[in-house]
file my_file.txt (compact mmCIF, C-alpha atoms and all ligand atoms)
# COMPACT_ATOMS: atom_id res chain seq x y z
CA TRP A 9 9.65 -17.18 -4.30
CA SER A 10 8.63 -20.75 -3.75
CA GLY A 11 9.43 -23.59 -6.10
CA SER A 12 5.80 -23.90 -7.03
CA SER A 13 5.49 -20.39 -8.35
CA GLY A 14 4.31 -20.03 -11.89
CA GLY A 15 4.61 -16.26 -12.13
CA SER A 16 2.10 -16.54 -14.91
CA CYS A 17 1.15 -13.11 -16.11
CA SER A 18 0.64 -14.67 -19.51
CA SER A 19 -1.94 -17.16 -18.24
CA THR A 20 -4.39 -14.37 -17.50
CA VAL A 21 -7.70 -15.13 -19.07
CA GLY A 22 -10.15 -12.60 -20.38
CA THR A 23 -8.92 -9.57 -18.43
CA ALA A 24 -7.62 -6.21 -19.46
CA ALA A 25 -3.92 -5.42 -18.96
CA PRO A 26 -3.03 -3.02 -16.15
CA GLN A 27 -2.71 0.61 -17.16
CA GLU A 28 0.46 1.74 -18.85
CA GLU A 29 2.12 3.60 -16.01
CA ARG A 30 4.65 1.41 -14.28
CA LEU A 31 5.61 3.36 -11.21
CA VAL A 32 3.29 5.42 -9.06
CA VAL A 33 5.03 7.56 -6.45
CA VAL A 34 3.23 8.91 -3.42
CA VAL A 35 4.50 10.64 -0.28
CA ARG A 36 3.09 10.15 3.20
CA VAL A 37 3.80 12.72 5.91
CA ARG A 38 3.56 11.19 9.36
CA PRO A 39 2.04 13.12 12.28
CA SER A 40 4.36 15.28 14.34
CA PHE A 41 5.13 13.93 17.81
CA GLU A 42 6.09 17.25 19.33
CA ALA A 43 5.25 20.93 19.08
CA SER A 44 8.43 21.79 17.21
CA GLU A 45 9.28 23.70 14.06
CA ARG A 46 8.05 22.02 10.89
CA CYS A 47 9.62 21.81 7.46
CA ILE A 48 6.69 20.41 5.45
CA GLU A 49 3.29 21.65 4.46
CA VAL A 50 0.93 19.69 2.23
CA ILE A 51 -0.80 22.15 -0.10
CA SER A 52 -2.97 19.87 -2.24
CA GLY A 53 -3.60 16.20 -2.95
CA GLY A 54 -0.40 15.94 -4.97
CA SER A 55 1.92 18.72 -3.82
CA LEU A 56 3.79 19.85 -0.75
CA LEU A 57 6.02 22.72 0.28
CA PHE A 58 9.38 21.89 1.81
CA ASP A 59 11.42 24.43 3.73
CA ASP A 60 15.03 23.31 3.36
CA GLY A 61 16.32 25.90 5.79
CA GLY A 62 18.90 27.10 3.26
CA LYS A 63 19.04 30.09 0.93
CA SER A 64 16.44 28.81 -1.49
CA ARG A 65 14.13 28.12 1.48
CA THR A 66 10.78 26.82 0.28
CA ARG A 67 10.45 24.40 -2.63
CA LYS A 68 7.39 22.80 -4.09
CA TYR A 69 7.40 19.08 -4.86
CA SER A 70 4.62 17.28 -6.72
CA TYR A 71 3.87 13.56 -6.80
CA ASP A 72 1.05 11.28 -7.86
CA HIS A 73 -0.41 11.90 -4.41
CA VAL A 74 0.66 13.31 -1.04
CA PHE A 75 -0.97 12.01 2.14
CA LYS A 76 -1.40 14.50 4.95
CA GLU A 77 -0.70 13.74 8.59
CA ASN A 78 -4.30 12.96 9.44
CA ASP A 79 -5.03 10.87 6.36
CA THR A 80 -6.15 7.42 7.39
CA GLN A 81 -4.71 3.99 6.74
CA GLU A 82 -7.85 3.29 4.71
CA GLN A 83 -7.21 6.30 2.45
CA VAL A 84 -3.64 5.18 1.91
CA TYR A 85 -4.80 1.64 1.15
CA LYS A 86 -7.53 2.72 -1.27
CA THR A 87 -5.25 5.04 -3.23
CA THR A 88 -2.12 2.90 -3.40
CA THR A 89 -2.86 -0.79 -2.99
CA ALA A 90 -6.53 -1.50 -3.70
CA PRO A 91 -6.05 -1.04 -7.49
CA LEU A 92 -3.12 -3.47 -7.38
CA VAL A 93 -5.18 -6.10 -5.57
CA ARG A 94 -7.58 -6.14 -8.50
CA ASP A 95 -4.66 -6.72 -10.88
CA VAL A 96 -3.29 -9.53 -8.71
CA LEU A 97 -6.68 -11.26 -8.73
CA ASN A 98 -6.55 -11.03 -12.50
CA GLY A 99 -3.23 -12.87 -12.59
CA TYR A 100 -0.72 -10.03 -12.63
CA ASN A 101 2.17 -9.25 -10.31
CA ALA A 102 2.33 -6.01 -8.37
CA ALA A 103 4.58 -4.44 -5.77
CA VAL A 104 4.38 -1.76 -3.08
CA PHE A 105 7.52 -0.36 -1.45
CA ALA A 106 7.60 1.64 1.75
CA TYR A 107 10.63 3.90 1.48
CA GLY A 108 11.97 6.43 3.98
CA ALA A 109 14.28 7.06 6.91
CA THR A 110 13.91 5.23 10.21
CA GLY A 111 11.00 6.63 12.21
CA SER A 112 9.23 8.11 9.17
CA GLY A 113 6.30 5.67 9.39
CA LYS A 114 7.06 2.81 6.96
CA THR A 115 6.09 0.01 9.30
CA HIS A 116 3.04 1.94 10.46
CA THR A 117 1.84 2.11 6.86
CA MET A 118 2.62 -1.49 6.01
CA LEU A 119 1.59 -3.19 9.23
CA GLY A 120 0.10 -0.65 11.63
CA PRO A 121 1.10 -0.15 15.26
CA VAL A 122 3.38 -3.04 16.12
CA PRO A 123 4.66 -4.55 19.36
CA ARG A 124 8.06 -3.19 20.29
CA LYS A 125 10.80 -5.42 21.65
CA ARG A 126 11.53 -2.83 24.26
CA GLY A 127 10.77 0.79 24.97
CA THR A 128 13.44 3.20 26.11
CA ALA A 129 13.35 6.60 27.69
CA SER A 130 13.98 8.31 24.35
CA THR A 131 11.71 6.08 22.27
CA PRO A 132 9.00 4.62 24.47
CA ALA A 133 6.81 1.95 22.98
CA PRO A 134 3.83 3.86 21.56
CA SER A 135 0.72 3.69 23.66
CA ASN A 136 -1.17 2.29 20.68
CA ALA A 137 1.21 -0.63 20.23
CA PRO A 138 -0.01 -3.99 21.52
CA SER A 139 2.45 -6.09 23.49
CA THR A 140 1.67 -9.50 22.02
CA ALA A 141 0.53 -10.97 18.73
CA ALA A 142 -2.49 -12.47 20.46
CA GLY A 143 -3.42 -9.06 21.82
CA TYR A 144 -3.28 -7.43 18.41
CA GLU A 145 -6.86 -8.07 17.38
CA ALA A 146 -8.18 -6.75 20.66
CA ASP A 147 -5.76 -3.85 21.10
CA VAL A 148 -5.40 -2.35 17.68
CA ASN A 149 -8.17 -0.16 16.47
CA SER A 150 -9.15 -1.69 13.15
CA GLN A 151 -8.73 1.73 11.54
CA GLU A 152 -5.02 1.58 12.30
CA ILE A 153 -4.37 -1.72 10.59
CA GLY A 154 -1.85 -1.39 7.80
CA LEU A 155 -1.69 -2.23 4.11
CA MET A 156 -0.50 -5.80 4.47
CA VAL A 157 -3.56 -6.98 6.39
CA ARG A 158 -5.93 -4.76 4.41
CA ALA A 159 -4.67 -6.26 1.14
CA ILE A 160 -5.21 -9.80 2.37
CA GLU A 161 -8.62 -8.92 3.73
CA ASP A 162 -9.57 -7.33 0.43
CA ILE A 163 -8.37 -10.39 -1.48
CA PHE A 164 -10.57 -12.63 0.68
CA LEU A 165 -13.54 -10.31 0.16
CA HIS A 166 -13.11 -10.40 -3.61
CA ILE A 167 -12.74 -14.16 -3.59
CA GLU A 168 -15.90 -14.63 -1.53
CA SER A 169 -17.88 -12.58 -4.02
CA ALA A 170 -16.28 -14.25 -7.06
CA SER A 171 -18.13 -16.58 -9.37
CA PRO A 172 -18.74 -20.04 -7.93
CA ASP A 173 -16.90 -21.84 -10.72
CA SER A 174 -13.53 -20.42 -9.66
CA ALA A 175 -11.52 -21.92 -6.81
CA CYS A 176 -8.86 -19.74 -5.17
CA LYS A 177 -5.86 -20.44 -3.03
CA VAL A 178 -4.14 -17.66 -1.06
CA SER A 179 -0.68 -18.23 0.38
CA ILE A 180 1.84 -15.95 2.02
CA SER A 181 5.54 -15.92 2.71
CA TYR A 182 7.37 -13.31 4.77
CA LEU A 183 11.11 -12.86 4.87
CA GLU A 184 13.74 -10.34 5.84
CA ILE A 185 17.01 -9.38 4.24
CA TYR A 186 19.51 -8.29 6.83
CA ASN A 187 23.13 -7.69 5.83
CA GLU A 188 22.42 -9.48 2.55
CA LEU A 189 21.25 -12.59 4.45
CA ILE A 190 17.73 -13.92 3.97
CA ARG A 191 15.72 -15.14 6.97
CA ASP A 192 12.26 -16.65 7.10
CA LEU A 193 10.06 -14.48 9.33
CA LEU A 194 7.28 -17.07 9.52
CA ASN A 195 9.66 -19.76 10.69
CA PRO A 196 12.80 -18.01 11.99
CA GLY A 197 16.06 -19.93 11.73
CA GLY A 198 19.36 -19.76 9.90
CA PRO A 199 19.96 -17.88 6.67
CA LEU A 200 18.28 -19.23 3.54
CA GLU A 201 19.85 -19.58 0.12
CA LEU A 202 18.63 -18.02 -3.08
CA ARG A 203 18.36 -20.44 -5.97
CA GLU A 204 18.00 -19.72 -9.64
CA ASP A 205 16.87 -22.03 -12.37
CA ASN A 206 19.30 -22.70 -15.23
CA ARG A 207 18.45 -19.62 -17.20
CA GLY A 208 18.24 -17.38 -14.13
CA GLN A 209 14.60 -16.84 -14.91
CA ARG A 210 13.07 -17.97 -11.67
CA ILE A 211 14.40 -17.10 -8.25
CA THR A 212 13.43 -19.25 -5.30
CA VAL A 213 14.37 -19.18 -1.64
CA ALA A 214 15.24 -22.71 -0.58
CA GLY A 215 13.29 -23.78 2.50
CA LEU A 216 11.15 -20.63 2.78
CA SER A 217 7.77 -21.42 4.30
CA GLU A 218 4.73 -20.58 2.23
CA ILE A 219 1.57 -20.75 4.30
CA THR A 220 -1.82 -21.25 2.74
CA THR A 221 -4.40 -19.37 4.71
CA SER A 222 -8.08 -18.63 4.67
CA SER A 223 -8.46 -16.49 7.77
CA ARG A 224 -7.73 -12.85 8.40
CA LYS A 225 -7.07 -13.56 12.06
CA GLU A 226 -4.41 -16.11 11.23
CA VAL A 227 -2.73 -13.70 8.83
CA VAL A 228 -2.65 -10.90 11.43
CA SER A 229 -1.12 -13.23 13.96
CA LEU A 230 1.47 -14.52 11.46
CA LEU A 231 2.47 -11.01 10.43
CA VAL A 232 2.76 -9.66 13.96
CA LYS A 233 4.81 -12.68 15.01
CA GLY A 234 6.91 -12.35 11.87
CA ASN A 235 7.52 -8.68 12.52
CA LYS A 236 8.69 -9.41 16.04
CA ALA A 237 11.27 -11.74 14.53
CA ARG A 238 12.72 -8.90 12.44
CA THR A 239 16.23 -7.89 13.30
CA MET A 240 16.02 -4.76 15.41
CA GLU A 241 19.22 -3.07 16.41
CA PRO A 242 19.75 0.22 18.19
CA THR A 243 21.33 3.10 16.28
CA ALA A 244 21.90 6.66 17.39
CA ALA A 245 19.03 7.78 15.15
CA ASN A 246 16.43 5.45 16.63
CA GLN A 247 16.75 2.92 19.44
CA THR A 248 14.37 0.47 17.80
CA SER A 249 15.47 1.10 14.27
CA SER A 250 14.88 -1.72 11.87
CA ARG A 251 17.90 -2.35 9.76
CA SER A 252 16.31 -5.02 7.63
CA HIS A 253 14.06 -5.13 4.61
CA ALA A 254 10.84 -7.12 5.21
CA LEU A 255 9.16 -8.65 2.16
CA LEU A 256 5.68 -10.11 2.28
CA SER A 257 4.53 -12.04 -0.75
CA ILE A 258 0.84 -12.84 -1.21
CA THR A 259 0.13 -15.34 -3.96
CA VAL A 260 -3.36 -15.84 -5.32
CA GLN A 261 -4.05 -18.82 -7.56
CA THR A 262 -7.44 -19.02 -9.20
CA ARG A 263 -8.71 -22.10 -11.01
CA THR A 264 -11.04 -21.21 -13.82
CA PRO A 265 -12.64 -23.47 -16.41
CA LEU A 266 -9.95 -22.22 -18.80
CA GLY A 267 -6.94 -22.88 -16.56
CA THR A 268 -5.16 -21.64 -13.44
CA LYS A 269 -4.04 -18.06 -13.19
CA GLN A 270 -1.62 -16.78 -10.60
CA GLY A 271 -0.93 -13.26 -9.38
CA ARG A 272 1.46 -12.05 -6.74
CA LEU A 273 1.51 -8.99 -4.56
CA PHE A 274 4.83 -8.03 -3.00
CA LEU A 275 4.60 -5.66 -0.04
CA THR A 276 7.97 -4.42 1.11
CA ASP A 277 8.87 -2.55 4.28
CA LEU A 278 12.32 -1.31 3.34
CA ALA A 279 15.08 -0.65 5.87
CA GLY A 280 15.70 2.97 6.83
CA SER A 281 17.16 5.01 3.99
CA GLU A 282 19.18 7.25 6.32
CA ARG A 283 22.85 7.60 5.70
CA ALA A 284 25.38 5.89 7.94
CA LYS A 285 26.96 9.23 8.83
CA LYS A 286 23.78 10.58 10.35
CA THR A 287 23.34 7.59 12.62
CA LYS A 288 26.96 7.75 13.78
CA ASN A 289 27.33 4.16 12.75
CA ARG A 290 30.52 2.32 13.48
CA GLY A 291 31.61 -1.26 12.90
CA LYS A 292 28.64 -3.58 12.56
CA ARG A 293 26.19 -0.68 12.16
CA LEU A 294 28.32 0.80 9.42
CA GLN A 295 28.41 -2.52 7.59
CA GLU A 296 24.62 -2.70 7.81
CA GLY A 297 24.35 0.83 6.48
CA ALA A 298 26.49 -0.10 3.49
CA HIS A 299 24.35 -3.17 2.75
CA ILE A 300 21.11 -1.23 3.13
CA ASN A 301 22.28 1.49 0.82
CA ARG A 302 23.57 -1.04 -1.65
CA SER A 303 20.16 -2.67 -1.97
CA LEU A 304 18.27 0.63 -2.07
CA LEU A 305 20.70 1.79 -4.71
CA ALA A 306 20.20 -1.41 -6.70
CA LEU A 307 16.43 -1.07 -6.37
CA GLY A 308 16.57 2.52 -7.62
CA ASN A 309 18.71 1.41 -10.58
CA CYS A 310 16.28 -1.36 -11.53
CA ILE A 311 13.18 0.81 -11.28
CA ASN A 312 14.91 3.43 -13.34
CA ALA A 313 16.08 1.02 -16.02
CA LEU A 314 12.64 -0.55 -16.25
CA SER A 315 10.91 2.79 -16.44
CA GLY A 316 13.26 3.91 -19.17
CA GLY A 317 12.47 0.79 -21.19
CA ALA A 318 16.03 -0.51 -20.93
CA ARG A 319 16.75 -3.81 -22.63
CA TYR A 320 19.01 -4.98 -19.84
CA VAL A 321 18.10 -4.54 -16.19
CA ASN A 322 20.68 -5.56 -13.63
CA TYR A 323 18.87 -7.35 -10.83
CA ARG A 324 22.01 -9.08 -9.61
CA ASP A 325 23.43 -6.28 -7.48
CA SER A 326 21.51 -7.16 -4.32
CA LYS A 327 19.35 -9.88 -2.80
CA LEU A 328 16.47 -7.42 -2.65
CA THR A 329 16.42 -6.84 -6.38
CA ARG A 330 17.04 -10.51 -7.20
CA LEU A 331 14.03 -11.44 -5.09
CA LEU A 332 11.87 -8.73 -6.57
CA LYS A 333 12.83 -9.53 -10.15
CA GLU A 334 9.57 -11.38 -10.68
CA ALA A 335 7.63 -8.41 -9.30
CA LEU A 336 9.51 -5.74 -11.16
CA SER A 337 9.67 -7.39 -14.56
CA GLY A 338 6.79 -8.35 -16.78
CA LYS A 339 3.44 -6.70 -16.48
CA CYS A 340 3.91 -5.48 -12.96
CA LYS A 341 2.62 -2.26 -11.50
CA THR A 342 4.75 -0.74 -8.77
CA VAL A 343 3.85 1.83 -6.13
CA MET A 344 6.45 3.58 -4.02
CA ILE A 345 5.24 5.15 -0.80
CA ALA A 346 7.92 7.58 0.34
CA HIS A 347 7.63 8.43 4.04
CA VAL A 348 8.74 11.66 5.68
CA ALA A 349 8.66 13.19 9.14
CA PRO A 350 7.40 16.80 9.37
CA GLU A 351 9.71 18.07 12.15
CA SER A 352 12.53 20.37 11.08
CA LYS A 353 15.12 18.31 12.92
CA HIS A 354 14.57 15.55 10.32
CA ARG A 355 15.01 18.02 7.47
CA ASP A 356 18.05 16.33 5.88
CA GLU A 357 16.45 12.90 5.71
CA THR A 358 13.17 14.40 4.55
CA LYS A 359 14.94 16.20 1.75
CA ASN A 360 16.78 13.05 0.66
CA THR A 361 13.52 11.13 0.54
CA LEU A 362 11.66 13.88 -1.33
CA VAL A 363 14.42 14.08 -3.91
CA TYR A 364 14.60 10.28 -4.36
CA ALA A 365 10.81 10.16 -4.78
CA ASP A 366 10.82 13.20 -7.08
CA ARG A 367 13.32 11.57 -9.42
CA ALA A 368 11.35 8.34 -9.49
CA ASN A 369 8.18 10.33 -10.12
CA SER A 370 9.61 12.38 -12.96
CA ILE A 371 10.73 9.20 -14.69
CA THR A 372 7.16 7.92 -14.70
CA THR A 373 5.60 10.99 -16.21
CA LYS A 374 8.38 11.72 -18.66
CA LEU A 375 8.16 8.21 -19.99
CA GLN A 376 5.20 9.18 -22.09
CA ASN A 377 7.37 11.54 -24.03
CA SER A 378 10.56 10.31 -25.67
CA VAL A 379 11.95 13.85 -25.85
CA TYR A 380 13.00 13.44 -22.26
CA ILE A 381 14.87 10.17 -22.69
CA ASP A 382 18.29 11.83 -22.35
CA GLU A 383 17.31 13.39 -19.07
CA ILE A 384 16.14 10.03 -17.84
CA LYS A 385 19.50 8.49 -18.67
CA ASP A 386 21.25 11.31 -16.85
CA PHE A 387 19.49 10.85 -13.56
CA PRO A 388 20.96 7.65 -12.16
CA THR A 389 24.49 8.33 -13.27
CA LYS A 390 24.91 11.65 -11.48
CA HIS A 391 22.85 10.79 -8.45
CA TYR A 392 24.36 7.39 -7.86
CA GLN A 393 27.92 8.40 -8.66
CA SER A 394 27.84 10.93 -5.86
CA LEU A 395 26.15 8.40 -3.56
CA VAL A 396 28.83 5.81 -4.32
CA SER A 397 31.65 8.26 -3.66
CA GLU A 398 30.02 9.29 -0.37
CA LEU A 399 29.73 5.63 0.61
CA ARG A 400 33.39 5.07 -0.28
CA ASP A 401 34.35 7.96 1.97
CA GLU A 402 32.37 6.50 4.84
CA VAL A 403 33.86 3.01 4.40
P1 LIG A 501 9.69 3.28 10.44
O1 LIG A 501 9.15 1.91 10.19
O2 LIG A 501 9.78 4.10 9.19
O3 LIG A 501 10.99 3.27 11.19
P2 LIG A 501 7.47 3.52 12.23
O4 LIG A 501 6.38 3.01 11.36
O5 LIG A 501 7.98 2.57 13.26
O6 LIG A 501 8.67 4.08 11.37
O7 LIG A 501 6.94 4.87 12.87
C1 LIG A 501 7.60 5.52 13.93
C2 LIG A 501 6.59 5.88 14.99
O8 LIG A 501 5.63 6.79 14.47
C3 LIG A 501 5.78 4.69 15.49
O9 LIG A 501 5.55 4.86 16.88
C4 LIG A 501 4.49 4.78 14.72
O10 LIG A 501 3.43 4.16 15.41
C5 LIG A 501 4.31 6.28 14.57
N1 LIG A 501 3.63 6.63 13.31
C6 LIG A 501 4.18 6.62 12.08
N2 LIG A 501 3.31 7.00 11.14
C7 LIG A 501 2.16 7.25 11.78
C8 LIG A 501 0.85 7.70 11.37
N3 LIG A 501 0.54 7.92 10.06
N4 LIG A 501 -0.09 7.87 12.32
C9 LIG A 501 0.19 7.63 13.62
N5 LIG A 501 1.38 7.23 14.08
C10 LIG A 501 2.36 7.03 13.19
MG MG A 502 10.02 0.10 10.60
call {"tool": "encode", "arguments": {"input": "my_file.txt", "output": "C-alpha cells"}}
result
Amino acid sequence: WSGSSGGSCSSTVGTAAPQEERLVVVVRVRPSFEASERCIEVISGGSLLFDDGGKSRTRKYSYDHVFKENDTQEQVYKTTTAPLVRDVLNGYNAAVFAYGATGSGKTHTMLGPVPRKRGTASTPAPSNAPSTAAGYEADVNSQEIGLMVRAIEDIFLHIESASPDSACKVSISYLEIYNELIRDLLNPGGPLELREDNRGQRITVAGLSEITTSSRKEVVSLLVKGNKARTMEPTAANQTSSRSHALLSITVQTRTPLGTKQGRLFLTDLAGSERAKKTKNRGKRLQEGAHINRSLLALGNCINALSGGARYVNYRDSKLTRLLKEALSGKCKTVMIAHVAPESKHRDETKNTLVYADRANSITTKLQNSVYIDEIKDFPTKHYQSLVSELRDEV
C-alpha cells in the first residue's frame, strides 16, 4: 500500500506460476472452553458434521481442509500459508483471510495469544495471554505463535538459505479499518486517506508507515504493540470483541542479476462476522455492525466475481476491498480460514460461517467446470439480497 510498491507479478523471473486454484477454503474449529453440548464434529481432514438443532439435524460440510480442535498452529501454518510464502518469494501476491464470528479464534490463528486490554468476569484474559509486548517472547510458548509471525520467520529462513547473488528486503505495514476509517497500527494516530493513481490502478495509504525489518523479535514486538492499538469495544456478544479489520502486509523485494522482483503477502484478521441483531447492538455498535457487514459483503462479492472469471470486479464498495485489490487481482492465491466455535450456544454463528465458507468453497471447485457457471452466478444474488434486506430491517 505504500507509494513505493511495484506490485510486480509480471517481473517474476524464471519461476513457475502458482497453481490454478484461486481460493482455498479451510475451516478451523477452536477448542471448547466448557463442558457443554457441542454442535460440530470433525469426521475427516476435509469434512465435518454440523448439528443445526432443527428438523434436518445433522449436515455434512466439506472443505479443502478442516482443522480439529487440537490441531496446532504449525499444522495450520503449513497447510494454509507456507505454500503462499513460496509464491511471495517468487514475486507473486497472496492473501490469507481469517473469517468468523467474534470469539471463534481468528486472532489466535493470525497472531496467537494476545495481551488483552482488560479482563472481565465473563471474559477473563486467558491465562496464556502475556500482559506486555516485551513479555511476549518469554511468555508465549513458541508453539502458540500465529501465522503472521510464522510467515515472517519462514520468509527470513528462505532468504538466509537463498543464493548469495540475491539481495532481499522485507518490510511490513499493519493497519486497521474501523468504521471505514483507516488507522496505522504501527504508528497510531488520526485516520489515513486512501489515494489512487490516475487510472485507479494503484491504491496507496498516505502516511502509512512501512517498516523494513530483519529480526523476528522486532516483528513480534511490532505486531503485539500494533494489536494492542486495535480498536476494541465491548458488545453483548464479547466484552473484548474486536470490531475492526486488521491488515498486515509483508513485502519482499529480491534483487537478482536479472532485475528486482516483488511479492506481497496480505494477512487479514477480519472483524467479527456476527450479525448486529445477535450482539444487541444499538447506536454506535449498530453503525459498526453495518460497516463490518458492508466490507465483508464487498469482500465476498469480489472473491466471487474473481472466481467466476468476471470481467468487471467492483472493489470500490469498501475500504477493505479497495486495499486488497492488489492482493485479489492478478496472479494472487487466496486462502480463507473460516473459524467456528464448537459449543451449541454458538450454533447460529457457526452455521452462518459454515454456509459462507461452503459457498466460497463450491465456487472454487466448480470453476473447473463451466457447466456450473449459472449456479455460480446465482449464489451472490440470492445470498446477498437477503443479507441486504436483513441489514435494512436492522437499520
Ligand atoms: P476472535 O479473534 O475470533 O474474536 P480469539 O482469537 O480472540 O477470537 O479467540 C477467543 C479466545 O479463544 C481467546 O482466548 C483465544 O486465546 C482462544 N482460542 C481461540 N482459538 C484457539 C485455539 N485454536 N487454541 C487455543 N485457544 C484458542
Ligand atoms: Mg480477534
call {"tool": "closest_residue", "arguments": {"input": "my_file.txt", "among": "A:Val50, A:Ala365, A:Leu231, A:Cys176", "to": "Ala106 (chain A)", "atoms": "all atoms listed in the file"}}
result
A:Ala365
call {"tool": "closest_atom_pairs", "arguments": {"input": "my_file.txt", "of": "chain A", "to": "ligand LIG 501 (chain A)", "cutoff": "6 Å", "atoms": "all atoms listed in the file", "output": "Markdown table"}}
result
| residue | atom | partner | partner_atom | distance |
| --- | --- | --- | --- | --- |
| A:Arg38 | CA | A:LIG501 | N3 | 4.5 |
| A:Pro39 | CA | A:LIG501 | C8 | 5.6 |
| A:Ala109 | CA | A:LIG501 | O2 | 5.8 |
| A:Thr110 | CA | A:LIG501 | O3 | 3.7 |
| A:Gly111 | CA | A:LIG501 | O3 | 3.5 |
| A:Ser112 | CA | A:LIG501 | O2 | 4.0 |
| A:Gly113 | CA | A:LIG501 | O4 | 3.3 |
| A:Lys114 | CA | A:LIG501 | O2 | 3.7 |
| A:Thr115 | CA | A:LIG501 | O4 | 3.7 |
| A:His116 | CA | A:LIG501 | O4 | 3.6 |
| A:Pro121 | CA | A:LIG501 | O10 | 4.9 |
| A:Pro134 | CA | A:LIG501 | O9 | 5.1 |
| A:Ser249 | CA | A:LIG501 | O3 | 5.9 |
call {"tool": "closest_residue", "arguments": {"input": "my_file.txt", "among": "A:Val35, A:Ala175, A:Ile311, A:Ile48", "to": "Ser352 (chain A)", "atoms": "only C-alpha atoms"}}
result
A:Ile48
call {"tool": "closest_residue", "arguments": {"input": "my_file.txt", "among": "A:Thr264, A:Ser257, A:Ser179, A:Glu184", "to": "Ser223 (chain A)", "atoms": "all atoms listed in the file"}}
result
A:Ser179
call {"tool": "atom_distance", "arguments": {"input": "my_file.txt", "atom1": "CA of Ser70 (chain A)", "atom2": "CA of Gly54 (chain A)"}}
result
5.5 Å
call {"tool": "atom_distance", "arguments": {"input": "my_file.txt", "atom1": "CA of Lys225 (chain A)", "atom2": "CA of Gly108 (chain A)"}}
result
28.8 Å
call {"tool": "closest_residue", "arguments": {"input": "my_file.txt", "among": "A:Ser181, A:Gln393, A:Asn312, A:Thr276", "to": "ligand MG 502 (chain A)", "atoms": "only C-alpha atoms and all ligand atoms"}}
result
A:Thr276
call {"tool": "atom_distance", "arguments": {"input": "my_file.txt", "atom1": "CA of Leu256 (chain A)", "atom2": "CA of Ala306 (chain A)"}}
result
19.2 Å
call {"tool": "closest_residue", "arguments": {"input": "my_file.txt", "among": "A:Asp79, A:Ala368, A:Arg67, A:Leu273", "to": "Asn309 (chain A)", "atoms": "all atoms listed in the file"}}
result
A:Ala368
call {"tool": "closest_residue", "arguments": {"input": "my_file.txt", "among": "A:Ala214, A:Leu155, A:Val178, A:Leu230", "to": "Gln83 (chain A)", "atoms": "all atoms listed in the file"}}
result
A:Leu155
call {"tool": "residues_around", "arguments": {"input": "my_file.txt", "residues": "Asp356 (chain A)", "least_positions_apart": "6", "cutoff": "12 Å", "atoms": "all atoms listed in the file", "output": "list of chain:residue names"}}
result
A:Cys47, A:Phe58, A:Asp59, A:Asp60, A:Gly61, A:Gly62, A:Gly108, A:Ala109, A:Ser281, A:Glu282, A:Arg283, A:Lys285, A:Lys286, A:Val348, A:Ala349, A:Pro350, A:Leu362, A:Val363
call {"tool": "residues_around", "arguments": {"input": "my_file.txt", "residues": "region 85-90 of chain A", "least_positions_apart": "5", "cutoff": "9 Å", "atoms": "only C-alpha atoms", "output": "ChimeraX atom specification"}}
result
/A:32,34,73,80,103-104,117,154-155,158-159,162,343-345
call {"tool": "build_atoms", "arguments": {"input": "my_file.txt", "residues": "region 77-89 of chain A", "atoms": "N, CA and C atoms", "output": "JSON list (two decimals), keeping the file's coordinate frame"}}
result
[["chain", "number", "residue", "atom", "x", "y", "z"],
["A", 77, "GLU", "N", -0.92, 14.41, 7.30],
["A", 77, "GLU", "CA", -0.70, 13.74, 8.59],
["A", 77, "GLU", "C", -1.93, 13.02, 9.12],
["A", 78, "ASN", "N", -3.11, 13.61, 8.87],
["A", 78, "ASN", "CA", -4.30, 12.96, 9.44],
["A", 78, "ASN", "C", -5.02, 12.07, 8.43],
["A", 79, "ASP", "N", -4.41, 11.81, 7.30],
["A", 79, "ASP", "CA", -5.03, 10.87, 6.36],
["A", 79, "ASP", "C", -4.97, 9.46, 6.96],
["A", 80, "THR", "N", -6.02, 8.71, 6.70],
["A", 80, "THR", "CA", -6.15, 7.42, 7.39],
["A", 80, "THR", "C", -5.45, 6.29, 6.64],
["A", 81, "GLN", "N", -5.29, 5.18, 7.36],
["A", 81, "GLN", "CA", -4.71, 3.99, 6.74],
["A", 81, "GLN", "C", -5.60, 3.55, 5.58],
["A", 82, "GLU", "N", -6.92, 3.71, 5.76],
["A", 82, "GLU", "CA", -7.85, 3.29, 4.71],
["A", 82, "GLU", "C", -7.63, 4.12, 3.43],
["A", 83, "GLN", "N", -7.46, 5.45, 3.62],
["A", 83, "GLN", "CA", -7.21, 6.30, 2.45],
["A", 83, "GLN", "C", -5.94, 5.88, 1.73],
["A", 84, "VAL", "N", -4.91, 5.59, 2.53],
["A", 84, "VAL", "CA", -3.64, 5.18, 1.91],
["A", 84, "VAL", "C", -3.84, 3.86, 1.17],
["A", 85, "TYR", "N", -4.56, 2.93, 1.81],
["A", 85, "TYR", "CA", -4.80, 1.64, 1.15],
["A", 85, "TYR", "C", -5.56, 1.82, -0.16],
["A", 86, "LYS", "N", -6.66, 2.59, -0.08],
["A", 86, "LYS", "CA", -7.53, 2.72, -1.27],
["A", 86, "LYS", "C", -6.80, 3.36, -2.45],
["A", 87, "THR", "N", -5.94, 4.33, -2.15],
["A", 87, "THR", "CA", -5.25, 5.04, -3.23],
["A", 87, "THR", "C", -4.10, 4.22, -3.80],
["A", 88, "THR", "N", -3.37, 3.52, -2.94],
["A", 88, "THR", "CA", -2.12, 2.90, -3.40],
["A", 88, "THR", "C", -2.25, 1.42, -3.74],
["A", 89, "THR", "N", -2.95, 0.67, -2.89],
["A", 89, "THR", "CA", -2.86, -0.79, -2.99],
["A", 89, "THR", "C", -4.11, -1.46, -3.53]]
